[in-house]
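Asks: One file is attached below, run_15.cif, containing mmCIF, C-alpha atoms.
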```cif
data_query
loop_
_atom_site.label_atom_id
_atom_site.label_comp_id
_atom_site.auth_asym_id
_atom_site.auth_seq_id
_atom_site.Cartn_x
_atom_site.Cartn_y
_atom_site.Cartn_z
CA MET A 82 -10.73 -12.62 27.32
CA PRO A 83 -11.65 -13.11 23.69
CA SER A 84 -13.51 -16.27 24.55
CA ASP A 85 -16.06 -14.14 26.38
CA ILE A 86 -17.14 -12.43 23.19
CA LYS A 87 -20.74 -13.19 22.40
CA ALA A 88 -21.99 -12.37 18.96
CA THR A 89 -25.52 -11.08 18.62
CA ASP A 90 -26.62 -13.74 16.17
CA THR A 91 -26.18 -17.24 17.54
CA LYS A 92 -29.16 -18.91 15.91
CA ALA A 93 -28.58 -22.42 14.71
CA SER A 94 -28.53 -23.09 11.01
CA ASP A 95 -31.42 -25.29 9.95
CA THR A 96 -29.33 -27.04 7.31
CA LYS A 97 -27.69 -30.45 7.58
CA GLY A 98 -24.48 -31.09 9.52
CA TRP A 99 -22.91 -28.51 11.80
CA ASP A 100 -24.82 -25.45 12.99
CA ARG A 101 -23.23 -22.00 13.11
CA ASN A 102 -21.70 -22.53 16.53
CA GLN A 103 -20.32 -25.93 15.60
CA MET A 104 -18.77 -24.44 12.45
CA ALA A 105 -17.22 -21.69 14.57
CA ALA A 106 -15.91 -24.28 17.05
CA ARG A 107 -14.37 -26.26 14.19
CA ALA A 108 -12.78 -23.09 12.81
CA ALA A 109 -11.33 -22.33 16.25
CA GLU A 110 -9.39 -25.61 16.03
CA GLU A 111 -7.40 -23.98 13.20
CA LEU A 112 -5.96 -21.44 15.61
CA GLU A 113 -2.74 -22.06 17.51
CA ASP A 114 -1.45 -20.61 20.73
CA GLY A 115 0.22 -17.25 20.20
CA MET A 116 -1.48 -16.43 16.89
CA TYR A 117 -2.57 -12.94 15.84
CA VAL A 118 -5.87 -13.42 14.00
CA ASN A 119 -8.48 -11.34 12.19
CA LEU A 120 -12.09 -12.54 12.37
CA GLY A 121 -14.67 -11.38 9.85
CA ILE A 122 -18.29 -10.48 10.48
CA GLY A 123 -20.97 -13.18 10.96
CA ILE A 124 -20.09 -16.78 11.84
CA PRO A 125 -16.34 -15.93 12.05
CA THR A 126 -17.10 -13.60 14.98
CA LEU A 127 -18.38 -16.63 16.90
CA VAL A 128 -14.96 -18.32 16.60
CA ALA A 129 -13.74 -16.17 19.53
CA ASN A 130 -16.12 -18.11 21.80
CA TYR A 131 -14.27 -21.37 21.16
CA THR A 132 -10.57 -20.57 21.49
CA GLY A 133 -10.44 -22.10 25.00
CA ASP A 134 -7.11 -21.72 26.79
CA LYS A 135 -5.19 -20.75 23.67
CA ASP A 136 -3.58 -17.31 23.79
CA ILE A 137 -5.09 -15.78 20.66
CA THR A 138 -4.82 -12.05 19.95
CA LEU A 139 -7.64 -10.68 17.81
CA GLN A 140 -6.93 -7.85 15.42
CA SER A 141 -9.63 -5.36 14.54
CA GLU A 142 -8.52 -3.70 11.34
CA ASN A 143 -9.83 -0.27 12.33
CA GLY A 144 -6.74 -0.07 14.54
CA MET A 145 -6.55 -2.46 17.47
CA LEU A 146 -4.77 -5.61 18.59
CA GLY A 147 -6.16 -7.45 21.59
CA MET A 148 -9.88 -7.01 21.08
CA GLY A 149 -11.91 -7.72 24.21
CA PRO A 150 -15.57 -8.72 24.67
CA PHE A 151 -18.62 -6.49 24.31
CA PRO A 152 -18.97 -3.99 27.19
CA TYR A 153 -21.51 -4.28 29.97
CA GLU A 154 -24.55 -2.09 29.43
CA GLY A 155 -23.66 1.48 30.35
CA ASP A 156 -19.94 0.96 29.68
CA GLU A 157 -20.13 1.52 25.90
CA ASP A 158 -17.44 3.89 24.62
CA PRO A 159 -18.02 5.63 21.26
CA ASP A 160 -14.23 5.74 20.79
CA LEU A 161 -13.91 1.96 21.10
CA ILE A 162 -15.47 -0.09 18.31
CA ASN A 163 -14.52 -3.07 16.17
CA ALA A 164 -14.41 -3.26 12.38
CA GLY A 165 -18.11 -4.19 12.39
CA LYS A 166 -18.73 -0.85 14.19
CA GLN A 167 -19.87 -2.67 17.33
CA THR A 168 -18.93 -1.40 20.78
CA ILE A 169 -16.20 -3.55 22.36
CA THR A 170 -13.70 -3.40 25.23
CA GLU A 171 -9.93 -3.48 25.59
CA LEU A 172 -7.71 -6.02 27.36
CA PRO A 173 -4.50 -5.53 29.37
CA LYS A 174 -2.52 -6.52 26.24
CA THR A 175 -4.41 -4.18 23.88
CA SER A 176 -2.62 -1.75 21.58
CA TYR A 177 -4.09 0.91 19.28
CA PHE A 178 -2.73 2.27 16.00
CA ASP A 179 -3.85 4.09 12.88
CA SER A 180 -5.40 2.47 9.79
CA ALA A 181 -2.21 2.68 7.70
CA THR A 182 -0.26 0.84 10.42
CA SER A 183 -3.10 -1.64 10.81
CA PHE A 184 -3.06 -2.60 7.15
CA GLY A 185 0.71 -2.46 7.17
CA MET A 186 0.68 -5.42 9.55
CA ILE A 187 -1.94 -7.16 7.40
CA ARG A 188 -0.19 -6.50 4.08
CA GLY A 189 3.16 -7.25 5.69
CA GLY A 190 2.12 -10.80 6.57
CA LYS A 191 2.22 -10.30 10.35
CA ILE A 192 -1.33 -11.57 10.88
CA ALA A 193 -1.23 -15.38 10.96
CA ALA A 194 -4.76 -16.05 9.77
CA ALA A 195 -8.05 -14.50 8.74
CA ILE A 196 -11.35 -16.33 9.16
CA LEU A 197 -13.92 -14.86 6.81
CA GLY A 198 -17.41 -15.48 5.49
CA ALA A 199 -18.04 -15.86 1.76
CA MET A 200 -20.73 -15.71 -0.89
CA GLU A 201 -18.78 -18.04 -3.19
CA VAL A 202 -15.50 -19.98 -3.10
CA ALA A 203 -13.96 -21.73 -6.12
CA GLU A 204 -11.81 -24.84 -6.32
CA ASN A 205 -8.80 -22.70 -7.32
CA GLY A 206 -9.06 -20.70 -4.10
CA ASP A 207 -10.85 -17.71 -5.59
CA LEU A 208 -13.06 -15.91 -3.09
CA ALA A 209 -16.09 -13.67 -3.68
CA ASN A 210 -17.62 -11.97 -0.68
CA TRP A 211 -17.99 -8.27 -1.36
CA MET A 212 -20.41 -7.46 -4.14
CA ILE A 213 -23.46 -8.61 -6.07
CA PRO A 214 -23.53 -6.45 -9.23
CA GLY A 215 -26.63 -4.29 -9.53
CA LYS A 216 -27.89 -5.46 -6.18
CA LEU A 217 -25.50 -5.00 -3.34
CA VAL A 218 -22.88 -2.26 -3.39
CA LYS A 219 -21.58 -2.03 0.13
CA GLY A 220 -17.86 -2.31 -0.58
CA MET A 221 -15.01 -4.62 0.21
CA GLY A 222 -13.88 -2.90 3.40
CA GLY A 223 -10.66 -4.60 4.46
CA ALA A 224 -11.42 -8.02 2.97
CA MET A 225 -9.26 -7.63 -0.16
CA ASP A 226 -6.27 -6.54 1.92
CA LEU A 227 -6.77 -9.38 4.40
CA VAL A 228 -6.98 -12.19 1.84
CA ALA A 229 -3.94 -10.82 -0.02
CA GLY A 230 -1.84 -10.30 3.09
CA VAL A 231 -2.45 -12.74 5.93
CA GLY A 232 -0.68 -16.08 6.32
CA ARG A 233 -3.69 -18.32 6.02
CA VAL A 234 -7.23 -17.64 4.76
CA ILE A 235 -9.98 -19.81 6.21
CA VAL A 236 -13.52 -19.43 4.89
CA VAL A 237 -16.46 -20.35 7.11
CA MET A 238 -19.85 -20.40 5.43
CA ASP A 239 -22.96 -22.46 4.67
CA HIS A 240 -22.23 -25.02 1.97
CA GLN A 241 -25.28 -24.01 -0.06
CA ASN A 242 -27.22 -20.78 -0.49
CA LYS A 243 -30.83 -20.42 0.54
CA HIS A 244 -31.93 -21.77 -2.85
CA GLY A 245 -29.99 -24.98 -2.20
CA GLU A 246 -27.27 -24.13 -4.73
CA SER A 247 -23.63 -24.92 -4.01
CA LYS A 248 -21.47 -22.01 -2.83
CA VAL A 249 -18.38 -24.17 -3.42
CA LEU A 250 -17.93 -23.76 -7.17
CA LYS A 251 -15.72 -24.67 -10.11
CA ALA A 252 -15.40 -20.92 -10.75
CA CYS A 253 -16.82 -17.90 -8.94
CA THR A 254 -19.59 -16.02 -10.76
CA LEU A 255 -19.44 -12.88 -8.55
CA PRO A 256 -16.68 -10.22 -8.60
CA LEU A 257 -13.65 -11.58 -6.75
CA THR A 258 -12.31 -10.43 -3.42
CA GLY A 259 -9.09 -12.30 -4.10
CA ALA A 260 -7.75 -14.74 -6.69
CA GLY A 261 -6.37 -18.06 -5.45
CA VAL A 262 -6.30 -16.89 -1.85
CA VAL A 263 -8.35 -19.44 0.13
CA ASP A 264 -6.51 -22.21 2.00
CA ARG A 265 -9.32 -24.00 3.83
CA ILE A 266 -13.13 -24.04 3.60
CA ILE A 267 -15.26 -24.95 6.62
CA THR A 268 -18.98 -25.39 5.92
CA ASN A 269 -21.92 -27.01 7.65
CA LEU A 270 -21.11 -30.20 5.72
CA GLY A 271 -17.37 -30.48 6.39
CA VAL A 272 -13.86 -29.23 5.84
CA LEU A 273 -12.17 -28.90 2.43
CA ASP A 274 -8.66 -27.79 1.49
CA VAL A 275 -7.73 -25.98 -1.71
CA VAL A 276 -5.00 -28.07 -3.37
CA GLU A 277 -3.51 -28.48 -6.83
CA GLY A 278 -6.31 -29.53 -9.21
CA GLY A 279 -9.27 -29.00 -6.91
CA LEU A 280 -10.47 -29.51 -3.37
CA LYS A 281 -9.42 -32.20 -0.94
CA LEU A 282 -11.89 -33.53 1.62
CA VAL A 283 -10.38 -33.14 5.08
CA GLU A 284 -13.29 -33.92 7.34
CA LEU A 285 -17.04 -34.58 7.27
CA ALA A 286 -19.43 -32.82 9.64
CA ASP A 287 -21.34 -34.94 12.12
CA GLY A 288 -24.02 -37.00 10.38
CA VAL A 289 -22.90 -36.06 6.86
CA THR A 290 -21.74 -38.72 4.40
CA GLU A 291 -19.12 -38.17 1.72
CA ASP A 292 -21.77 -38.78 -0.94
CA GLU A 293 -23.96 -36.07 0.56
CA LEU A 294 -21.09 -33.57 0.61
CA ARG A 295 -20.08 -34.40 -2.95
CA ALA A 296 -23.71 -34.10 -4.13
CA ALA A 297 -23.95 -30.64 -2.53
CA THR A 298 -20.71 -29.43 -4.12
CA GLU A 299 -20.25 -28.10 -7.64
CA ALA A 300 -16.46 -27.88 -7.34
CA THR A 301 -14.13 -30.76 -8.15
CA ILE A 302 -13.38 -32.84 -5.06
CA LEU A 303 -10.33 -34.99 -5.64
CA MET B 17 2.02 31.10 13.91
CA LYS B 18 -1.45 30.98 15.36
CA LYS B 19 -3.18 27.66 14.73
CA VAL B 20 -6.09 27.87 17.17
CA TYR B 21 -9.36 29.20 15.74
CA GLY B 22 -12.61 30.07 17.48
CA SER B 23 -15.01 27.92 15.49
CA ALA B 24 -15.18 25.33 12.70
CA ALA B 25 -16.44 28.01 10.30
CA GLU B 26 -13.53 30.32 11.14
CA ALA B 27 -11.03 27.49 10.81
CA LEU B 28 -12.33 26.65 7.31
CA ASP B 29 -12.55 30.28 6.17
CA GLY B 30 -10.78 30.73 2.83
CA LEU B 31 -10.03 27.02 2.44
CA LEU B 32 -13.21 25.74 0.76
CA THR B 33 -13.65 25.73 -3.00
CA ASP B 34 -16.20 23.92 -5.15
CA GLY B 35 -14.89 20.69 -6.67
CA MET B 36 -12.07 20.21 -4.17
CA LEU B 37 -10.71 16.88 -2.87
CA ILE B 38 -11.07 16.50 0.89
CA ALA B 39 -9.49 13.68 2.91
CA ALA B 40 -11.52 12.97 6.04
CA GLY B 41 -10.61 10.89 9.07
CA GLY B 42 -12.91 8.47 10.85
CA PHE B 43 -14.07 4.87 10.67
CA GLY B 44 -17.82 4.52 10.38
CA ILE B 45 -18.89 7.42 12.60
CA CYS B 46 -16.10 6.81 15.14
CA GLY B 47 -13.53 9.60 15.29
CA ILE B 48 -15.10 11.65 12.51
CA PRO B 49 -14.60 15.44 12.24
CA GLU B 50 -18.27 16.06 12.93
CA LEU B 51 -17.96 19.80 13.62
CA LEU B 52 -15.99 20.52 10.43
CA LEU B 53 -18.44 18.46 8.34
CA GLN B 54 -21.31 20.52 9.76
CA ALA B 55 -19.41 23.71 8.90
CA ILE B 56 -18.86 22.51 5.31
CA LYS B 57 -22.59 21.85 5.09
CA ASP B 58 -23.30 25.37 6.34
CA ALA B 59 -20.77 26.83 3.87
CA GLY B 60 -22.60 25.13 0.99
CA THR B 61 -19.43 24.13 -0.87
CA LYS B 62 -20.39 21.94 -3.85
CA ASP B 63 -19.11 19.13 -6.09
CA LEU B 64 -16.85 17.79 -3.37
CA THR B 65 -14.83 14.61 -3.64
CA PHE B 66 -14.23 12.89 -0.32
CA ALA B 67 -11.52 10.35 0.36
CA SER B 68 -13.02 8.76 3.45
CA ASN B 69 -13.31 5.13 4.48
CA ASN B 70 -17.09 5.45 4.90
CA ALA B 71 -19.83 7.91 4.06
CA GLY B 72 -21.32 8.29 7.53
CA VAL B 73 -24.94 7.40 8.21
CA ASP B 74 -27.97 9.15 6.74
CA ASP B 75 -28.06 12.02 9.23
CA PHE B 76 -24.53 12.11 10.66
CA GLY B 77 -21.02 12.46 9.34
CA ILE B 78 -20.61 12.80 5.57
CA GLY B 79 -24.25 11.70 5.32
CA ILE B 80 -25.35 15.27 6.07
CA LEU B 81 -23.49 16.48 2.94
CA LEU B 82 -25.14 13.78 0.84
CA GLN B 83 -28.54 15.05 1.95
CA THR B 84 -27.66 18.50 0.63
CA ARG B 85 -26.12 17.09 -2.62
CA GLN B 86 -22.75 18.67 -1.88
CA VAL B 87 -20.80 15.50 -2.67
CA LYS B 88 -19.94 14.59 -6.25
CA LYS B 89 -17.72 11.60 -5.58
CA MET B 90 -16.68 9.28 -2.77
CA ILE B 91 -13.41 7.33 -2.53
CA SER B 92 -14.29 4.74 0.10
CA SER B 93 -13.96 1.10 1.10
CA TYR B 94 -17.40 0.54 2.59
CA VAL B 95 -20.63 2.48 2.24
CA GLY B 96 -23.15 -0.08 3.49
CA GLU B 97 -24.59 1.96 6.34
CA ASN B 98 -26.08 4.77 4.33
CA ALA B 99 -29.40 4.40 2.50
CA GLU B 100 -29.28 7.88 0.92
CA PHE B 101 -25.82 7.08 -0.42
CA MET B 102 -27.16 3.91 -2.07
CA ARG B 103 -30.06 5.81 -3.59
CA GLN B 104 -27.83 8.54 -5.07
CA TYR B 105 -25.28 6.02 -6.30
CA LEU B 106 -27.78 3.67 -7.94
CA SER B 107 -29.52 6.63 -9.62
CA GLY B 108 -26.18 7.88 -11.00
CA GLU B 109 -26.14 11.15 -9.01
CA LEU B 110 -23.01 10.17 -7.09
CA GLU B 111 -19.71 8.76 -8.29
CA LEU B 112 -18.08 6.06 -6.23
CA GLU B 113 -14.53 4.75 -6.37
CA PHE B 114 -14.15 1.69 -4.18
CA ASN B 115 -10.70 1.29 -2.66
CA PRO B 116 -9.71 -1.66 -0.48
CA GLN B 117 -9.48 -0.28 3.04
CA GLY B 118 -5.74 -0.82 3.44
CA THR B 119 -5.08 0.56 -0.02
CA LEU B 120 -7.04 3.70 0.87
CA ALA B 121 -5.13 4.14 4.14
CA GLU B 122 -1.79 3.62 2.40
CA ARG B 123 -2.75 5.96 -0.47
CA MET B 124 -3.29 8.68 2.14
CA ARG B 125 -0.12 7.86 4.06
CA ALA B 126 1.90 7.72 0.83
CA GLY B 127 0.52 11.06 -0.38
CA GLY B 128 1.45 12.61 2.94
CA CYS B 129 4.97 11.19 2.64
CA GLY B 130 5.53 12.45 -0.90
CA ILE B 131 5.19 9.01 -2.44
CA PRO B 132 3.16 9.24 -5.68
CA GLY B 133 2.62 5.51 -6.07
CA PHE B 134 3.28 2.15 -4.45
CA TYR B 135 2.81 -1.52 -5.28
CA THR B 136 0.50 -3.85 -3.40
CA ARG B 137 -0.78 -7.40 -3.81
CA THR B 138 -4.20 -6.26 -2.58
CA GLY B 139 -6.76 -6.58 -5.37
CA VAL B 140 -4.60 -8.51 -7.84
CA GLY B 141 -6.94 -10.62 -10.01
CA THR B 142 -10.01 -8.58 -9.04
CA GLN B 143 -11.82 -5.72 -10.76
CA ILE B 144 -9.82 -3.30 -8.55
CA ALA B 145 -6.73 -4.21 -10.61
CA GLU B 146 -8.31 -3.40 -13.99
CA GLY B 147 -6.38 -0.70 -15.84
CA LYS B 148 -3.62 -0.54 -13.23
CA GLU B 149 0.05 -1.26 -13.82
CA HIS B 150 1.05 -4.82 -12.87
CA LYS B 151 4.59 -5.64 -11.86
CA GLU B 152 6.43 -8.72 -10.64
CA PHE B 153 8.52 -8.57 -7.49
CA ARG B 154 10.21 -11.69 -6.11
CA GLY B 155 7.92 -13.91 -8.17
CA GLU B 156 4.67 -12.29 -7.04
CA THR B 157 2.36 -9.95 -8.97
CA TYR B 158 1.63 -6.52 -7.53
CA ILE B 159 -0.48 -3.60 -8.77
CA MET B 160 0.41 0.05 -8.58
CA GLU B 161 -1.78 2.33 -6.49
CA GLU B 162 -1.37 6.10 -6.39
CA GLY B 163 -0.83 8.30 -3.37
CA ILE B 164 -3.65 10.70 -2.50
CA PHE B 165 -2.75 14.38 -2.49
CA ALA B 166 -5.80 16.13 -1.05
CA ASP B 167 -6.59 19.84 -1.21
CA LEU B 168 -7.78 19.75 2.39
CA SER B 169 -7.69 17.33 5.30
CA ILE B 170 -10.32 17.37 8.02
CA VAL B 171 -9.64 15.21 11.06
CA LYS B 172 -10.62 14.71 14.68
CA ALA B 173 -8.31 14.04 17.62
CA TRP B 174 -8.88 13.75 21.35
CA LYS B 175 -6.42 16.37 22.59
CA ALA B 176 -3.89 18.66 20.98
CA ASP B 177 -1.61 21.38 22.22
CA THR B 178 -1.77 24.82 20.62
CA THR B 179 1.01 23.85 18.18
CA GLY B 180 -1.11 20.97 16.84
CA ASN B 181 0.70 18.04 18.48
CA ALA B 182 -2.17 15.60 18.76
CA VAL B 183 -3.24 12.54 20.73
CA PHE B 184 -6.06 10.25 19.66
CA ARG B 185 -8.16 8.01 21.87
CA LYS B 186 -8.59 4.23 21.37
CA THR B 187 -10.00 3.21 17.97
CA ALA B 188 -11.00 6.81 17.17
CA ARG B 189 -7.48 7.19 15.77
CA ASN B 190 -8.19 5.03 12.67
CA PHE B 191 -7.86 7.04 9.42
CA ASN B 192 -7.20 10.38 11.13
CA PRO B 193 -3.37 10.39 11.04
CA PRO B 194 -3.02 9.29 7.38
CA ALA B 195 -5.86 11.64 6.35
CA ALA B 196 -4.18 14.51 8.19
CA MET B 197 -0.88 13.85 6.46
CA CYS B 198 -2.14 13.84 2.85
CA GLY B 199 -3.72 17.30 2.64
CA LYS B 200 -2.13 20.56 1.53
CA VAL B 201 -3.86 22.07 4.55
CA CYS B 202 -5.10 20.14 7.57
CA VAL B 203 -7.82 21.38 9.89
CA MET B 204 -8.25 19.42 13.11
CA GLU B 205 -11.02 19.45 15.69
CA VAL B 206 -10.32 18.20 19.20
CA GLU B 207 -12.15 17.74 22.47
CA GLU B 208 -9.52 19.68 24.40
CA ILE B 209 -6.73 22.09 23.49
CA VAL B 210 -3.90 22.30 26.03
CA GLU B 211 -0.74 24.35 26.35
CA PRO B 212 2.57 23.06 24.93
CA GLY B 213 4.25 20.88 27.53
CA GLU B 214 1.04 19.44 28.90
CA LEU B 215 1.18 16.45 26.54
CA ASP B 216 4.10 14.05 26.98
CA PRO B 217 6.24 14.49 23.81
CA ASP B 218 6.87 10.73 23.82
CA THR B 219 3.15 9.99 23.46
CA ILE B 220 2.27 12.32 20.56
CA HIS B 221 0.49 10.31 17.82
CA LEU B 222 0.55 13.06 15.18
CA PRO B 223 3.19 15.83 15.28
CA GLY B 224 1.92 19.36 14.88
CA ILE B 225 3.77 19.85 11.59
CA TYR B 226 0.80 18.13 9.92
CA VAL B 227 -1.81 20.36 11.56
CA HIS B 228 -2.41 23.90 10.30
CA ARG B 229 -5.61 24.95 11.97
CA LEU B 230 -7.19 23.72 15.17
CA ILE B 231 -10.50 24.06 16.97
CA GLN B 232 -11.88 22.79 20.24
CA GLY B 233 -15.52 21.80 20.43
CA THR B 234 -18.19 19.63 21.96
CA HIS B 235 -18.71 16.34 20.14
CA GLU B 236 -21.86 14.29 19.94
CA LYS B 237 -19.77 11.12 19.36
CA ARG B 238 -22.70 8.98 18.25
CA ILE B 239 -22.43 5.17 18.44
CA GLU B 240 -23.39 3.27 15.29
CA LYS B 241 -24.06 -0.17 16.83
CA VAL B 242 -24.41 -0.57 20.58
CA THR B 243 -23.48 -4.13 21.52
CA THR B 244 -23.29 -5.30 25.13
CA ARG B 245 -22.93 -8.50 27.13
CA PRO B 246 -25.21 -9.55 30.00
CA ALA B 247 -24.22 -8.31 33.45
CA ALA B 248 -21.92 -10.73 35.29
#
```
Step by step, read the file and then write its structure as structure tokens.
Replies:
Amino acid sequence: MPSDIKATDTKASDTKGWDRNQMAARAAEELEDGMYVNLGIGIPTLVANYTGDKDITLQSENGMLGMGPFPYEGDEDPDLINAGKQTITELPKTSYFDSATSFGMIRGGKIAAAILGAMEVAENGDLANWMIPGKLVKGMGGAMDLVAGVGRVIVVMDHQNKHGESKVLKACTLPLTGAGVVDRIITNLGVLDVVEGGLKLVELADGVTEDELRAATEATIL
Amino acid sequence: MKKVYGSAAEALDGLLTDGMLIAAGGFGICGIPELLLQAIKDAGTKDLTFASNNAGVDDFGIGILLQTRQVKKMISSYVGENAEFMRQYLSGELELEFNPQGTLAERMRAGGCGIPGFYTRTGVGTQIAEGKEHKEFRGETYIMEEGIFADLSIVKAWKADTTGNAVFRKTARNFNPPAAMCGKVCVMEVEEIVEPGELDPDTIHLPGIYVHRLIQGTHEKRIEKVTTRPAA
């Protein structure tokens, strides 16, 4: 089942509040029984470990619904990978389709939610996670289609970058992946919703005070 | 009409011209037309534009054509796995047109269906939308994207019958059907060619009408990232 998926990188974040696994567990609470969901690379991949008894179907945008866990050693199949190009397995409920059909279901609003990482998020819901000009030119992959098409966009990321600067901003400085697309932000410090006029504090991470979260945030918190 | 050819080089004979636009199937290096790419390398065709989700890795897939400087431009959604690509792009030797992955897939599908343009919300408000027509539908803003009409399609399937009816395997299907559809001519490589009637007509993923030339070959099928779980 999806809950068996183990991501390669499970190291705990050394920052305050929730670690990576706790953030993933909190993000998993956003998912409801019966949902079709797309999980991004990084911390979002860990969310699959915390879905418990809920019947969640994971979409892999390279053409699969019902993504199973990594294979046992020796069972890897070069024809069966996820969107992160990792070897995976299928489940009894799995279906396969081509890329146009895959993004048809994304663009068509059939996928209930996407949980994605981010470089920056702004208080108006803008998201930047695909490019650092002059530095990093890997491409947006399916991220632009996902944030424009799915029902609900949930960002899971560290609240600050490695220089201690807020990643939750008044306005994004990097090229956007989508404008006004983010619904909820889950960071190591807590949970914020994008609402009219700014961000609304939904929840604080364990051991984090509201003052600490506000001090670590550039964006307007109502 | 005979569609089955003896080798990748034979199947591409007379189809390759410098500066052409080629649509290629595959996601990462999964389900790529590795034999046809090798044959294009051997043919030495230059100034190619590839519409392909990725650019392979340094020494496999489209990467082998980057090494020989046969590629002028890539239309792709993600090129992060290829160091030589980065080097050529950052030094200005290679043009790159980033397309969101779903937009790229739909551009191919649309081209193959005779649809010159379509509207999508993907990329609205981002640099992808710059210079593109914006239009309101039902209170939402969309941008127009154009169908891709390629000179040649190169794709890989699992099995096909001699008329080109093709079946793909698991996630190796990916961009192969839309890429196959959008070319004036489509050349397909498969792991096994069978006689008509051996594939169940109800399970054909790509009808043979889209496939003009066909070869059978042995595929390396390299894995980009092996990930496993501990034994139970």
Asks: Can you work out which residues from chain A touch chain B at a cut-off of 8 Å (counting only C-alpha atoms) and hand them back as a PyMOL selection string?
Replies: chain A and resi 87+89+143-145+150-154+157+159-163+166-169+177-181+183-185+188+218-226+228-230+256-260
Asks: I'd like the interatomic distance between atom CA of Gly233 of chain B and atom CA of Asp218 of chain B, to a tenth of an Å.
Replies: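 We find that atom CA of Gly233 of chain B and atom CA of Asp218 of chain B lie 25.2 Å from each other.
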Asks: Might I get the box with edges along x, y and z of the file that holds all atoms of segment 85-94 of chain B listed there, padded by 6 Å on every side, given as centre and edge lengths in Å to one decimal, as lines of an AutoDock Vina configuration file?
Replies:
```
center_x = -19.8
center_y = 9.6
center_z = -1.8
size_x = 24.7
size_y = 30.1
size_z = 20.8
```
Asks: Could you check how far atom CA of Glu204 of chain A sits from atom CA of Val231 of chain A, in Å to one decimal?
Replies: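 These atoms are spaced 19.6 Å apart.
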Asks: Determine the residue membership of the PyMOL selection byres ((chain A and resi 146) around 9) for the file above and supply it as a list in words.
Replies: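 When the PyMOL selection byres ((chain A and resi 146) around 9) is applied to the shown file, the picked residues are Tyr117, Thr138, Leu139, Gln140, Ser141, Glu142, Gly144, Met145, Gly147, Met148, Glu171, Lys174, Thr175, Ser176, Tyr177, Phe178 and Ser183 of chain A.
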Asks: Would you mind reading off the distance between atom CA of Arg85 of chain B and atom CA of Leu32 of chain B, one decimal, in Å?
Replies: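 Value for the atom CA of Arg85 of chain B-atom CA of Leu32 of chain B distance: 15.9 Å.
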Asks: To test your reading of the syntax: which residues would the PyMOL selection byres ((chain B and resi 39) around 6) return for the file shown? Reply as a list in words.
Replies: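 Listing what the PyMOL selection byres ((chain B and resi 39) around 6) selects in the shown file: Ile38, Ala40, Phe66, Ala67, Ala166, Ser169 and Ala195 of chain B.
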Asks: Can you list what the PyMOL selection byres ((chain B and resi 215) around 10) grabs from this structure, as JSON, numbers by chain?
Replies: {"B": [175, 176, 177, 181, 182, 183, 210, 211, 212, 213, 214, 216, 217, 218, 219, 220]}
